[in-house]
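Asks: What follows is data06.cif, mmCIF, C-alpha atoms.
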```
data_final
#
loop_
_atom_site.label_atom_id
_atom_site.label_comp_id
_atom_site.auth_asym_id
_atom_site.auth_seq_id
_atom_site.Cartn_x
_atom_site.Cartn_y
_atom_site.Cartn_z
CA MET Z 1 286.16 121.74 51.71
CA SER Z 2 282.95 120.14 50.48
CA ILE Z 3 282.64 116.36 50.80
CA ARG Z 4 281.02 114.82 47.74
CA PHE Z 5 280.36 111.26 46.58
CA ASP Z 6 279.63 111.81 42.91
CA GLY Z 7 280.22 108.58 41.00
CA ARG Z 8 280.46 106.53 44.19
CA VAL Z 9 278.15 103.65 45.08
CA ALA Z 10 277.21 103.08 48.71
CA ILE Z 11 275.41 100.27 50.53
CA VAL Z 12 273.79 101.20 53.84
CA THR Z 13 272.34 98.39 55.94
CA GLY Z 14 269.42 98.97 58.27
CA ALA Z 15 268.62 102.11 56.27
CA GLY Z 16 264.84 101.95 56.46
CA ALA Z 17 264.69 104.09 59.61
CA GLY Z 18 266.76 105.90 62.22
CA LEU Z 19 270.49 106.24 61.75
CA GLY Z 20 270.65 104.20 58.55
CA ARG Z 21 267.96 106.31 56.94
CA ALA Z 22 269.78 109.53 57.87
CA HIS Z 23 273.07 108.14 56.49
CA ALA Z 24 271.45 107.02 53.23
CA LEU Z 25 269.63 110.30 52.63
CA GLU Z 26 272.77 112.34 53.23
CA LEU Z 27 274.89 110.15 50.98
CA GLY Z 28 272.27 110.56 48.27
CA ARG Z 29 272.18 114.32 48.80
CA ARG Z 30 275.94 114.41 48.35
CA GLY Z 31 275.85 112.57 45.05
CA ALA Z 32 276.23 108.89 45.95
CA LYS Z 33 274.21 106.16 44.33
CA VAL Z 34 272.70 104.32 47.29
CA VAL Z 35 271.57 100.77 47.95
CA VAL Z 36 269.06 101.16 50.77
CA ASN Z 37 269.07 97.86 52.64
CA ASP Z 38 266.57 97.00 55.34
CA PHE Z 39 265.10 93.66 56.36
CA GLY Z 40 262.12 95.57 57.71
CA GLY Z 41 261.82 93.59 60.93
CA GLY Z 42 261.06 94.69 64.46
CA VAL Z 43 263.60 96.04 66.93
CA ASP Z 44 264.13 92.46 68.12
CA GLY Z 45 264.77 91.23 64.58
CA THR Z 46 261.46 89.44 64.06
CA GLY Z 47 259.15 89.93 61.10
CA GLY Z 48 260.21 91.52 57.84
CA SER Z 49 258.94 93.95 55.21
CA SER Z 50 260.32 95.67 52.12
CA GLY Z 51 258.33 98.81 52.88
CA PRO Z 52 260.91 100.80 54.92
CA ALA Z 53 263.72 100.35 52.38
CA ASP Z 54 261.40 101.14 49.47
CA LYS Z 55 260.26 104.34 51.15
CA VAL Z 56 263.78 105.66 51.82
CA ALA Z 57 264.98 104.80 48.33
CA GLY Z 58 261.95 106.69 47.01
CA GLU Z 59 262.88 109.72 49.13
CA ILE Z 60 266.38 109.76 47.62
CA ARG Z 61 265.01 109.52 44.08
CA ALA Z 62 262.41 112.21 44.78
CA ALA Z 63 265.23 114.54 45.82
CA GLY Z 64 266.99 113.95 42.49
CA GLY Z 65 269.33 111.15 43.57
CA GLN Z 66 269.77 107.54 42.53
CA ALA Z 67 268.81 104.67 44.82
CA ILE Z 68 267.57 101.11 44.83
CA SER Z 69 266.02 99.27 47.76
CA ASN Z 70 266.93 95.85 49.04
CA GLY Z 71 265.39 93.68 51.74
CA ALA Z 72 268.25 91.25 52.33
CA ASP Z 73 268.64 89.70 55.77
CA ILE Z 74 272.27 90.58 56.50
CA THR Z 75 272.79 87.30 58.33
CA ASN Z 76 271.93 85.40 55.13
CA ARG Z 77 275.06 85.14 52.99
CA GLU Z 78 273.21 84.29 49.77
CA GLN Z 79 270.84 87.24 50.13
CA VAL Z 80 273.72 89.61 50.85
CA GLU Z 81 275.73 88.36 47.88
CA ASN Z 82 272.66 88.90 45.68
CA MET Z 83 272.35 92.44 47.06
CA VAL Z 84 275.94 93.24 46.14
CA ALA Z 85 275.48 91.61 42.73
CA SER Z 86 272.46 93.84 42.08
CA ALA Z 87 274.53 96.93 42.91
CA MET Z 88 277.27 95.77 40.56
CA GLU Z 89 274.72 95.08 37.82
CA GLU Z 90 273.06 98.48 38.30
CA TRP Z 91 276.15 100.66 38.69
CA GLY Z 92 279.24 98.51 38.15
CA ARG Z 93 280.95 99.19 41.46
CA VAL Z 94 280.64 99.32 45.25
CA ASP Z 95 282.77 101.96 46.95
CA ILE Z 96 281.21 102.35 50.38
CA LEU Z 97 279.64 100.02 52.92
CA ILE Z 98 278.02 101.28 56.09
CA ASN Z 99 277.31 98.37 58.45
CA ASN Z 100 274.49 99.92 60.43
CA ALA Z 101 271.77 97.27 60.83
CA GLY Z 102 271.18 95.98 64.32
CA ILE Z 103 268.69 94.63 66.82
CA LEU Z 104 268.20 94.65 70.58
CA ARG Z 105 267.28 91.79 72.90
CA ASP Z 106 268.14 93.29 76.27
CA ALA Z 107 268.14 91.38 79.55
CA SER Z 108 270.51 90.95 82.45
CA PHE Z 109 273.02 88.18 81.80
CA ALA Z 110 271.36 86.00 84.46
CA LYS Z 111 268.03 86.19 82.63
CA MET Z 112 269.25 86.27 79.03
CA THR Z 113 268.80 83.17 76.92
CA ILE Z 114 271.66 81.83 74.85
CA ALA Z 115 269.38 82.12 71.81
CA ASP Z 116 268.96 85.86 72.38
CA PHE Z 117 272.68 86.30 72.95
CA GLN Z 118 273.45 84.41 69.73
CA LYS Z 119 270.89 86.31 67.65
CA VAL Z 120 272.31 89.71 68.60
CA MET Z 121 275.84 88.50 67.86
CA ASP Z 122 274.66 87.11 64.52
CA VAL Z 123 273.09 90.38 63.38
CA HIS Z 124 275.65 92.90 64.62
CA LEU Z 125 278.89 90.95 64.25
CA MET Z 126 278.26 88.27 61.65
CA GLY Z 127 275.97 90.54 59.65
CA SER Z 128 278.83 93.03 59.37
CA VAL Z 129 281.26 90.22 58.52
CA ILE Z 130 279.00 88.82 55.81
CA CYS Z 131 278.34 92.22 54.22
CA THR Z 132 282.02 93.19 54.38
CA LYS Z 133 283.10 89.87 52.87
CA ALA Z 134 280.62 90.35 50.01
CA VAL Z 135 282.10 93.73 49.00
CA TRP Z 136 285.75 93.06 49.87
CA GLY Z 137 286.79 91.49 46.57
CA HIS Z 138 285.17 94.26 44.53
CA MET Z 139 286.90 96.95 46.60
CA ARG Z 140 290.23 95.14 46.43
CA ASP Z 141 290.01 94.83 42.65
CA ALA Z 142 289.05 98.50 42.30
CA GLY Z 143 291.81 99.68 44.65
CA TYR Z 144 289.31 101.68 46.65
CA GLY Z 145 286.93 101.07 49.52
CA ARG Z 146 285.47 102.75 52.58
CA ILE Z 147 283.84 100.53 55.22
CA LEU Z 148 282.16 101.72 58.39
CA MET Z 149 281.43 99.54 61.41
CA THR Z 150 278.89 100.71 63.97
CA THR Z 151 280.12 100.22 67.53
CA SER Z 152 278.59 101.52 70.76
CA SER Z 153 279.44 102.86 74.18
CA SER Z 154 277.84 99.64 75.45
CA GLY Z 155 280.69 97.74 73.82
CA LEU Z 156 283.45 100.20 74.59
CA TYR Z 157 282.46 100.79 78.22
CA GLY Z 158 279.64 98.37 79.14
CA ASN Z 159 275.95 98.85 79.90
CA PHE Z 160 273.66 96.91 82.23
CA GLY Z 161 271.44 94.43 80.41
CA GLN Z 162 273.38 94.51 77.18
CA SER Z 163 276.03 91.79 77.47
CA ASN Z 164 275.06 90.42 74.03
CA TYR Z 165 274.95 93.83 72.36
CA GLY Z 166 278.14 95.02 74.08
CA ALA Z 167 280.05 91.87 73.16
CA ALA Z 168 279.06 92.24 69.50
CA LYS Z 169 279.88 95.93 69.38
CA MET Z 170 283.34 95.48 70.89
CA ALA Z 171 284.05 92.56 68.56
CA LEU Z 172 283.56 94.96 65.64
CA ILE Z 173 286.54 96.99 66.87
CA GLY Z 174 288.78 93.93 66.61
CA LEU Z 175 287.38 93.28 63.14
CA MET Z 176 288.09 96.87 62.11
CA ASN Z 177 291.66 96.78 63.39
CA THR Z 178 292.62 93.66 61.48
CA LEU Z 179 290.78 94.54 58.26
CA GLN Z 180 292.53 97.91 58.14
CA ILE Z 181 295.90 96.16 58.23
CA GLU Z 182 294.82 93.76 55.48
CA GLY Z 183 293.09 96.38 53.34
CA GLU Z 184 295.75 99.07 53.48
CA LYS Z 185 297.57 98.01 50.33
CA ASN Z 186 294.34 98.22 48.34
CA ASN Z 187 293.27 101.63 49.66
CA ILE Z 188 290.46 100.15 51.73
CA ARG Z 189 289.92 102.17 54.87
CA ILE Z 190 287.86 100.87 57.79
CA ASN Z 191 286.55 102.98 60.64
CA ALA Z 192 283.98 102.71 63.42
CA LEU Z 193 281.15 105.01 64.44
CA GLY Z 194 280.01 105.12 68.05
CA PRO Z 195 276.55 106.73 67.79
CA GLY Z 196 274.06 107.87 70.37
CA ALA Z 197 270.67 108.68 68.90
CA ALA Z 198 266.99 108.37 69.65
CA THR Z 199 265.86 105.65 67.26
CA ARG Z 200 263.38 102.78 67.45
CA MET Z 201 266.00 100.94 69.48
CA THR Z 202 266.47 103.63 72.12
CA GLU Z 203 263.64 106.19 72.19
CA SER Z 204 261.50 104.20 74.63
CA LEU Z 205 264.38 104.30 77.12
CA LEU Z 206 264.81 108.09 77.12
CA PRO Z 207 262.77 111.08 78.35
CA ALA Z 208 261.17 113.23 75.64
CA PRO Z 209 263.46 116.30 76.04
CA ILE Z 210 266.51 114.10 75.56
CA VAL Z 211 264.97 112.36 72.54
CA ALA Z 212 264.57 115.79 70.92
CA LEU Z 213 268.33 116.41 71.22
CA MET Z 214 269.57 112.98 70.15
CA THR Z 215 268.62 113.10 66.49
CA PRO Z 216 270.01 110.64 63.93
CA GLU Z 217 270.87 113.67 61.80
CA SER Z 218 273.33 114.84 64.48
CA VAL Z 219 275.25 111.56 64.12
CA THR Z 220 275.36 111.33 60.33
CA PRO Z 221 278.06 114.02 59.81
CA ALA Z 222 280.52 111.71 61.57
CA ALA Z 223 279.51 108.79 59.35
CA ILE Z 224 279.93 110.92 56.23
CA TYR Z 225 283.47 111.87 57.22
CA LEU Z 226 284.42 108.27 58.03
CA VAL Z 227 283.44 107.02 54.55
CA SER Z 228 284.75 109.99 52.57
CA GLU Z 229 287.72 109.88 50.22
CA ASP Z 230 289.92 111.55 52.85
CA ALA Z 231 288.66 109.34 55.67
CA PRO Z 232 291.04 108.36 58.47
CA ARG Z 233 291.93 104.75 59.24
CA ARG Z 234 290.85 102.52 62.17
CA THR Z 235 289.32 105.50 63.93
CA ILE Z 236 286.55 105.22 66.52
CA LEU Z 237 284.54 108.45 66.20
CA ASN Z 238 281.69 108.99 68.65
CA ALA Z 239 278.70 111.22 67.93
CA THR Z 240 275.73 112.10 70.13
CA ALA Z 241 273.44 115.15 70.11
CA GLY Z 242 276.01 117.32 68.34
CA GLY Z 243 278.93 116.16 70.48
CA TYR Z 244 281.86 114.43 68.77
CA SER Z 245 284.81 112.63 70.36
CA ARG Z 246 287.36 109.97 69.57
CA THR Z 247 288.00 106.78 71.54
CA ILE Z 248 291.64 105.66 71.52
CA ILE Z 249 292.72 102.41 73.17
CA HIS Z 250 296.02 102.87 75.02
CA GLU Z 251 298.35 100.43 76.73
CA THR Z 252 300.61 101.34 79.62
CA ASP Z 253 304.35 100.91 79.19
CA GLY Z 254 304.37 98.32 81.97
CA ILE Z 255 307.31 96.66 83.73
CA TYR Z 256 309.69 93.74 83.27
CA LEU Z 257 310.08 90.92 85.79
CA GLY Z 258 313.02 88.53 85.50
CA PRO Z 259 312.49 84.75 85.49
CA ALA Z 260 313.02 84.45 89.25
CA ASP Z 261 310.52 87.26 89.96
CA GLN Z 262 307.67 86.27 87.65
CA SER Z 263 305.00 85.58 90.27
CA ALA Z 264 301.45 86.71 90.93
CA GLU Z 265 302.66 88.22 94.23
CA ASN Z 266 305.14 90.46 92.46
CA ILE Z 267 302.46 91.58 90.02
CA VAL Z 268 300.31 92.56 93.00
CA ALA Z 269 303.23 94.37 94.62
CA ARG Z 270 304.00 96.36 91.48
CA PHE Z 271 300.51 96.77 90.08
CA GLY Z 272 300.73 100.53 90.57
CA GLU Z 273 303.74 100.66 88.24
CA ILE Z 274 302.04 98.36 85.76
CA SER Z 275 299.03 100.70 85.73
CA ASP Z 276 301.05 103.92 85.47
CA GLU Z 277 299.78 105.82 82.42
CA ALA Z 278 303.02 107.72 81.89
CA GLY Z 279 304.53 106.61 78.60
CA GLN Z 280 301.40 104.77 77.45
CA SER Z 281 300.98 104.15 73.72
CA ALA Z 282 298.23 103.61 71.17
CA TYR Z 283 299.27 100.67 68.99
CA THR Z 284 298.32 100.04 65.38
CA ASN Z 285 298.99 96.28 65.42
CA GLY Z 286 299.45 93.49 67.96
CA GLY Z 287 303.11 93.01 67.07
CA GLN Z 288 303.96 96.36 68.65
CA GLN Z 289 302.95 95.05 72.06
CA VAL Z 290 305.09 91.93 71.61
CA THR Z 291 308.03 94.04 70.47
CA LYS Z 292 307.74 96.22 73.57
CA PHE Z 293 307.89 93.27 75.95
CA ILE Z 294 310.61 91.44 74.06
CA THR Z 295 312.73 94.61 74.04
CA LYS Z 296 312.39 94.93 77.83
CA ALA Z 297 313.30 91.28 78.32
CA ALA Z 298 316.27 91.47 75.95
CA GLN Z 299 317.63 94.59 77.63
CA ALA Z 300 317.39 92.95 81.06
CA ALA Z 301 319.17 89.85 79.72
CA GLY Z 302 321.79 91.81 77.83
CA VAL Z 303 320.68 90.28 74.53
CA SER Z 304 321.05 92.28 71.33
CA LEU Z 305 318.02 92.52 69.06
CA ALA Z 306 320.08 93.81 66.13
CA PRO Z 307 319.81 91.56 63.06
CA LYS Z 308 322.76 89.26 62.44
CA ALA Z 309 325.26 90.44 59.87
CA THR Z 310 325.30 88.46 56.63
CA GLY Z 311 327.93 87.93 53.98
#
```
Show the structure stored in the file as structure tokens.

Replies:
Amino acid sequence: MSIRFDGRVAIVTGAGAGLGRAHALELGRRGAKVVVNDFGGGVDGTGGSSGPADKVAGEIRAAGGQAISNGADITNREQVENMVASAMEEWGRVDILINNAGILRDASFAKMTIADFQKVMDVHLMGSVICTKAVWGHMRDAGYGRILMTTSSSGLYGNFGQSNYGAAKMALIGLMNTLQIEGEKNNIRINALGPGAATRMTESLLPAPIVALMTPESVTPAAIYLVSEDAPRRTILNATAGGYSRTIIHETDGIYLGPADQSAENIVARFGEISDEAGQSAYTNGGQQVTKFITKAAQAAGVSLAPKATG
């Protein structure tokens, strides 16, 4: 099966270099019309230049594809809305959004300023929210959309010196989960990519032999799948140096404590049972967790959960 994007329009943020550039070039190679967005700032988000986005858009056109560049700051709602409007004016639709843009302002939590924490949250989380909000109505009206969030192992598992980055990246998983529920009826599918690549944001942290393995191009195949017509839903797909895996969040079955036994001491005493992974489940909405616990409580109380007969 060959994955193609002929007739589709894609917006890729942070596409002037690294992962975004690789995603944009591959989408263009596979037939998509691409809006190459990049603010053109430094790794820490300062500065700004249209040069990187212009260059990548030119590469796509030189290879026979269609692309326009855009220098919108993704934290600026007006600029983002203008970017989406330009795509609609140029091609009449927006089918794909890859939220890739990001910055780093690393420091231990003790040394990190609130301003640096806020800025990273603004770019990664609110930037993704603003861009997604700007395309949502168009996708809903068209009955088609593919949106990709970019998460990270720092968010899923933690990483020293990246409390701001990790918090933002994990927040995107919560955003994905809820948007998939809301977008389902309009054929909008939302997924998350957990990449590991040597880019401007990471190459200074890694030894040269490792940098050579962790290419952006080794991550892009996962992104292409997650925004394709046959994409899955609310999937976290990780990709690093040619390795691909899926992160699934499970919840243990847990226990029930009656009213007289609901104490911290009893939780301590039975924490092994609470933590037992046998019978654990991966939920697709928060109501499933509530249903599980209510069912246990009702069974212990002898209460029927069957709906009342009418008529």

Asks: Which distance in Å separates CA of Gly183 in chain Z and CA of Asp95 in chain Z, to one decimal?

Replies: 13.4 Å

Asks: Translate the PyMOL selection byres ((chain Z and resi 149-151) around 6), as applied to the file shown, into an explicit residue set as an MDAnalysis selection string.

Replies: chainID Z and resid 99:100 148 152 169 192:194

Asks: Run the PyMOL selection byres ((chain Z and resi 221) around 10) mentally over the shown coordinates, then write out the matched residues as a list in words, using the chain letters and numbers from the document.

Replies: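 Given this file, the PyMOL selection byres ((chain Z and resi 221) around 10) evaluates to Ala22, His23, Glu26, Pro216, Glu217, Ser218, Val219, Thr220, Ala222, Ala223, Ile224, Tyr225, Leu226, Ala239, Gly242 and Tyr244 of chain Z.
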
Asks: Which one of Z:Ala167, Z:Leu19, Z:Ala24, Z:Ala297 sits closest to Met214 in chain Z if you count only C-alpha atoms?

Replies: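 Looking at the shortest contact to Met214 in chain Z, the residue is Z:Leu19.
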
Asks: Counting only C-alpha atoms, which residues in range 170-223 of chain Z sit no more than 12 Å from range 126-134 of chain Z? For each one, give the nearest pair of atoms and the distance in Å, sorted by chain then residue number, as a Markdown table.

Replies:
```
| residue | atom | partner | partner_atom | distance |
| --- | --- | --- | --- | --- |
| Z:Ala171 | CA | Z:Met126 | CA | 10.0 |
| Z:Leu172 | CA | Z:Ser128 | CA | 8.1 |
| Z:Ile173 | CA | Z:Ser128 | CA | 11.5 |
| Z:Gly174 | CA | Z:Val129 | CA | 11.7 |
| Z:Leu175 | CA | Z:Val129 | CA | 8.3 |
| Z:Met176 | CA | Z:Val129 | CA | 10.2 |
| Z:Leu179 | CA | Z:Thr132 | CA | 9.7 |
| Z:Gly183 | CA | Z:Thr132 | CA | 11.6 |
| Z:Ile188 | CA | Z:Thr132 | CA | 11.3 |
| Z:Arg189 | CA | Z:Thr132 | CA | 12.0 |
| Z:Ile190 | CA | Z:Thr132 | CA | 10.2 |
| Z:Ala192 | CA | Z:Ser128 | CA | 11.7 |
```

Asks: May I have the residues within 12 Å of Ser2 in chain Z as a list in words, using all atoms listed in the file and disregarding those fewer than 2 positions away in the same chain?

Replies: Arg4, Phe5, Asp6, Arg30, Gly31, Ile224, Tyr225, Ser228, Glu229 and Asp230 of chain Z

Asks: Go ahead and save the picked residues with C-alpha atoms, as a compact mmCIF listing (two decimals), keeping the file's coordinate frame.

Replies:
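Result went into selection.txt, see below:
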```txt
# COMPACT_ATOMS: atom_id res chain seq x y z
CA ARG Z 4 281.02 114.82 47.74
CA PHE Z 5 280.36 111.26 46.58
CA ASP Z 6 279.63 111.81 42.91
CA ARG Z 30 275.94 114.41 48.35
CA GLY Z 31 275.85 112.57 45.05
CA ILE Z 224 279.93 110.92 56.23
CA TYR Z 225 283.47 111.87 57.22
CA SER Z 228 284.75 109.99 52.57
CA GLU Z 229 287.72 109.88 50.22
CA ASP Z 230 289.92 111.55 52.85
```

Asks: Selected by the PyMOL selection byres ((chain Z and resi 254-258) around 9) in the shown coordinates: which residues, as JSON, numbers by chain?

Replies: {"Z": [251, 252, 253, 259, 260, 261, 262, 263, 266, 267, 270, 273, 274, 275, 276, 277, 279, 280, 293, 296, 297, 300, 301]}

Asks: What does the distance between CA of Arg61 in chain Z and CA of Val80 in chain Z come to in Å, to one decimal place?

Replies: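 Atom-to-atom, CA of Arg61 in chain Z and CA of Val80 in chain Z are spaced 22.8 Å apart.
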
Asks: Using only C-alpha atoms, determine which residues lie at most 8 Å from Leu25 in chain Z, disregarding the query and same-chain residues fewer than 6 positions distant; provide the list as a compact mmCIF listing (two decimals) with C-alpha atoms, in the coordinates of the input.

Replies:
```txt
# COMPACT_ATOMS: atom_id res chain seq x y z
CA VAL Z 56 263.78 105.66 51.82
CA GLU Z 59 262.88 109.72 49.13
CA ILE Z 60 266.38 109.76 47.62
```

Asks: I'd like to know which of Z:Phe271, Z:Trp136, Z:Phe117, Z:Trp91 is closest to Tyr165 in chain Z, using only C-alpha atoms.

Replies: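 Between Z:Phe271, Z:Trp136, Z:Phe117, Z:Trp91, the residue approaching Tyr165 in chain Z most closely is Z:Phe117.
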
Asks: Within 10 Å of range 281-289 of chain Z, which residues of range 129-205 of chain Z show up? Give each one with its shortest atom-to-atom distance in Å (one decimal) and the two atoms involved, counting only C-alpha atoms, rows by chain then rising residue number, as JSON lines.

Replies:
```
{"residue": "Z:Asn177", "atom": "CA", "partner": "Z:Asn285", "partner_atom": "CA", "distance": 7.6}
{"residue": "Z:Thr178", "atom": "CA", "partner": "Z:Asn285", "partner_atom": "CA", "distance": 7.9}
{"residue": "Z:Gln180", "atom": "CA", "partner": "Z:Thr284", "partner_atom": "CA", "distance": 9.5}
{"residue": "Z:Ile181", "atom": "CA", "partner": "Z:Asn285", "partner_atom": "CA", "distance": 7.8}
```

Asks: What does the structure give for the distance between CA of Asn186 in chain Z and CA of Val12 in chain Z, in Å to one decimal?

Replies: 21.5 Å

Asks: Which residue, Z:Arg21, Z:Ile147, Z:Ala269, Z:Glu81, has the smallest gap to Thr235 in chain Z when you use only C-alpha atoms?

Replies: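 Among the listed residues, the smallest separation from Thr235 in chain Z belongs to Z:Ile147.
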
Asks: Return the single residue from Z:Asn37, Z:Gln162, Z:Asn82, Z:Ser304 that is closest to Met112 in chain Z, with distances computed using all atoms listed in the file.

Replies: Z:Gln162
